[in-house]
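J.: Here it is: the structure, laid out below.
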Amino acid sequence: MMDTIFLEQVAVQTKLGVPDWERLALQTIILDIEIGYDLSKSCQSDAIGDTVDYGEVVNRIRTTLNENSFKLVEALAEHICQLILKEFKAQRVKIKVAKPSVLPKLKALGVIIERNKK
């Protein structure tokens, strides 16, 4: 069974960009995250220990993005997917990374990737 926990429009700070100068200052990116997990046990127990603590997920993402910089949104998305799969034992992760206001008359650019537990 696969259920989904979603975190929508999570604003985080990181250093991201191809030119070196772009990674000198923190910038805001927006994440939409879907975490595939069997929630049947937590539905019955009503216990946080039986599910993914989404507050911990957000805190962990903010910490790792503060500690690392990336040239490509693709690499950043992969990093977050692998972190959630490994540290939070998710079965599946789908993430949308949006880098807002990069170019004139462009709301955002980014990627959507999905990874499954191996």
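Identifiers in the structure tokens: chain A, B, ... in order shown; residue index from 1 per chain; ligand index from 1 in order shown.
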Tell me which protein, DNA and RNA residues are within 8 Å of Ile95 of chain A, counting only C-alpha atoms, leaving out same-chain ones fewer than 6 positions away, and put them as a ChimeraX atom specification.
T.: /A:31-34,77,81,112-114
J.: Take the residues just selected and output them with all heavy atoms as an mmCIF file, in the first residue's frame.
T.:
data_model
loop_
_atom_site.group_PDB
_atom_site.id
_atom_site.type_symbol
_atom_site.label_atom_id
_atom_site.label_comp_id
_atom_site.auth_asym_id
_atom_site.auth_seq_id
_atom_site.Cartn_x
_atom_site.Cartn_y
_atom_site.Cartn_z
ATOM 1 N N LEU A 31 9.744 24.486 -2.778
ATOM 2 C CA LEU A 31 9.667 23.039 -2.951
ATOM 3 C C LEU A 31 8.238 22.539 -2.765
ATOM 4 O O LEU A 31 7.551 22.974 -1.838
ATOM 5 C CB LEU A 31 10.550 22.328 -1.922
ATOM 6 C CG LEU A 31 12.005 22.762 -1.806
ATOM 7 C CD1 LEU A 31 12.672 22.040 -0.637
ATOM 8 C CD2 LEU A 31 12.741 22.505 -3.100
ATOM 9 N N ASP A 32 7.820 21.646 -3.637
ATOM 10 C CA ASP A 32 6.615 20.848 -3.440
ATOM 11 C C ASP A 32 7.097 19.407 -3.350
ATOM 12 O O ASP A 32 7.793 18.928 -4.254
ATOM 13 C CB ASP A 32 5.638 20.989 -4.606
ATOM 14 C CG ASP A 32 4.980 22.358 -4.663
ATOM 15 O OD1 ASP A 32 4.883 23.021 -3.616
ATOM 16 O OD2 ASP A 32 4.549 22.757 -5.757
ATOM 17 N N ILE A 33 6.751 18.734 -2.272
ATOM 18 C CA ILE A 33 7.283 17.404 -2.006
ATOM 19 C C ILE A 33 6.141 16.431 -1.748
ATOM 20 O O ILE A 33 5.222 16.733 -0.984
ATOM 21 C CB ILE A 33 8.228 17.420 -0.778
ATOM 22 C CG1 ILE A 33 9.332 18.461 -0.970
ATOM 23 C CG2 ILE A 33 8.800 16.040 -0.502
ATOM 24 C CD1 ILE A 33 10.079 18.793 0.305
ATOM 25 N N GLU A 34 6.212 15.265 -2.387
ATOM 26 C CA GLU A 34 5.298 14.166 -2.102
ATOM 27 C C GLU A 34 6.135 12.997 -1.593
ATOM 28 O O GLU A 34 7.107 12.602 -2.246
ATOM 29 C CB GLU A 34 4.533 13.740 -3.352
ATOM 30 C CG GLU A 34 3.588 14.785 -3.875
ATOM 31 C CD GLU A 34 2.824 14.327 -5.099
ATOM 32 O OE1 GLU A 34 2.847 13.113 -5.425
ATOM 33 O OE2 GLU A 34 2.195 15.191 -5.733
ATOM 34 N N ALA A 77 17.547 18.729 -6.392
ATOM 35 C CA ALA A 77 16.370 17.863 -6.278
ATOM 36 C C ALA A 77 16.767 16.425 -5.957
ATOM 37 O O ALA A 77 16.165 15.776 -5.102
ATOM 38 C CB ALA A 77 15.551 17.918 -7.570
ATOM 39 N N CYS A 81 15.751 14.208 -2.646
ATOM 40 C CA CYS A 81 15.084 12.911 -2.796
ATOM 41 C C CYS A 81 15.836 11.812 -2.060
ATOM 42 O O CYS A 81 15.239 11.026 -1.318
ATOM 43 C CB CYS A 81 14.952 12.536 -4.270
ATOM 44 S SG CYS A 81 13.567 13.311 -5.101
ATOM 45 N N ILE A 112 10.958 18.686 -11.883
ATOM 46 C CA ILE A 112 10.182 17.741 -11.092
ATOM 47 C C ILE A 112 10.832 16.379 -11.304
ATOM 48 O O ILE A 112 11.001 15.955 -12.442
ATOM 49 C CB ILE A 112 8.700 17.688 -11.530
ATOM 50 C CG1 ILE A 112 8.051 19.058 -11.368
ATOM 51 C CG2 ILE A 112 7.951 16.610 -10.729
ATOM 52 C CD1 ILE A 112 6.652 19.142 -11.947
ATOM 53 N N ILE A 113 11.231 15.746 -10.205
ATOM 54 C CA ILE A 113 11.800 14.397 -10.323
ATOM 55 C C ILE A 113 11.099 13.475 -9.328
ATOM 56 O O ILE A 113 10.556 13.923 -8.316
ATOM 57 C CB ILE A 113 13.331 14.349 -10.122
ATOM 58 C CG1 ILE A 113 13.727 14.699 -8.699
ATOM 59 C CG2 ILE A 113 14.049 15.254 -11.112
ATOM 60 C CD1 ILE A 113 15.187 14.419 -8.394
ATOM 61 N N GLU A 114 11.149 12.207 -9.627
ATOM 62 C CA GLU A 114 10.547 11.198 -8.751
ATOM 63 C C GLU A 114 11.519 10.035 -8.629
ATOM 64 O O GLU A 114 12.088 9.583 -9.615
ATOM 65 C CB GLU A 114 9.214 10.718 -9.342
ATOM 66 C CG GLU A 114 8.475 9.792 -8.452
ATOM 67 C CD GLU A 114 7.053 9.516 -8.946
ATOM 68 O OE1 GLU A 114 6.557 10.234 -9.831
ATOM 69 O OE2 GLU A 114 6.440 8.569 -8.422
#
J.: If you run DSSP over the backbone, which residues in segment 1-70 of chain A end up alpha helix (DSSP H)? Put them as a VMD selection string.
T.: chain A and resid 40 to 45 54 to 67
J.: So, with only C-alpha atoms as the atoms that count, which of A:Ala108, A:Ile35, A:Ile61, A:Lys118 lies closest to Phe6 of chain A?
T.: A:Ile35
J.: So that I can check the surroundings of Phe88 of chain A, please list as a VMD selection string every protein, DNA and RNA residue that reaches within 10 Å of it, counting only C-alpha atoms and ignoring chain neighbours fewer than 4 positions away.
T.: chain A and resid 35 37 51 to 54 56 to 57 82 to 84
J.: For Leu109 of chain A, which residue among A:Leu16, A:Asn59, A:Leu85, A:Val73 is the nearest when counting only C-alpha atoms?
T.: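 Selected residue with least distance to Leu109 of chain A: A:Val73.
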J.: What does the distance between atom CA of Leu76 of chain A and atom CA of Val58 of chain A come to in Å, to one decimal place?
T.: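 According to the coordinates, atom CA of Leu76 of chain A and atom CA of Val58 of chain A are separated by 14.6 Å.
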J.: Go through A:Gln91, A:Ile30, A:Leu103, A:Phe70 one by one, measure the shortest atom-to-atom distance of each to Ala11 of chain A using only C-alpha atoms, and give the residue with the smallest value.
T.: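 Smallest separation from Ala11 of chain A among the options: A:Ile30.
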J.: Could you tell me which of A:Thr63, A:Asn116, A:Ser69, A:Thr14 comes closest to Lys94 of chain A if we count only C-alpha atoms?
T.: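 Comparing A:Thr63, A:Asn116, A:Ser69, A:Thr14 against Lys94 of chain A, the winner is A:Asn116.
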J.: Select, from A:Val12, A:Leu39, A:Ala98, A:Ala25, the residue with the minimum atom-to-atom distance to Leu65 of chain A, counting only C-alpha atoms.
T.: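 Counting only C-alpha atoms, the residue closest to Leu65 of chain A is A:Val12.
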J.: Name the residues of chain A that fall into strand (DSSP E) according to DSSP on the backbone, using the chain letters and numbers of this document, as a PyMOL selection string.
T.: chain A and resi 3-16+27-37+69-70+92-100+108-116
J.: Work out how far atom CA of Glu22 of chain A is from atom CA of Val10 of chain A, in Å to one decimal.
T.: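 Going from atom CA of Val10 of chain A over to atom CA of Glu22 of chain A, I get 21.2 Å.
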J.: May I ask for the distance between atom CA of Lys117 of chain A and atom CA of Val97 of chain A, given in Å to one decimal place?
T.: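 Interatomic distance here is 19.9 Å.
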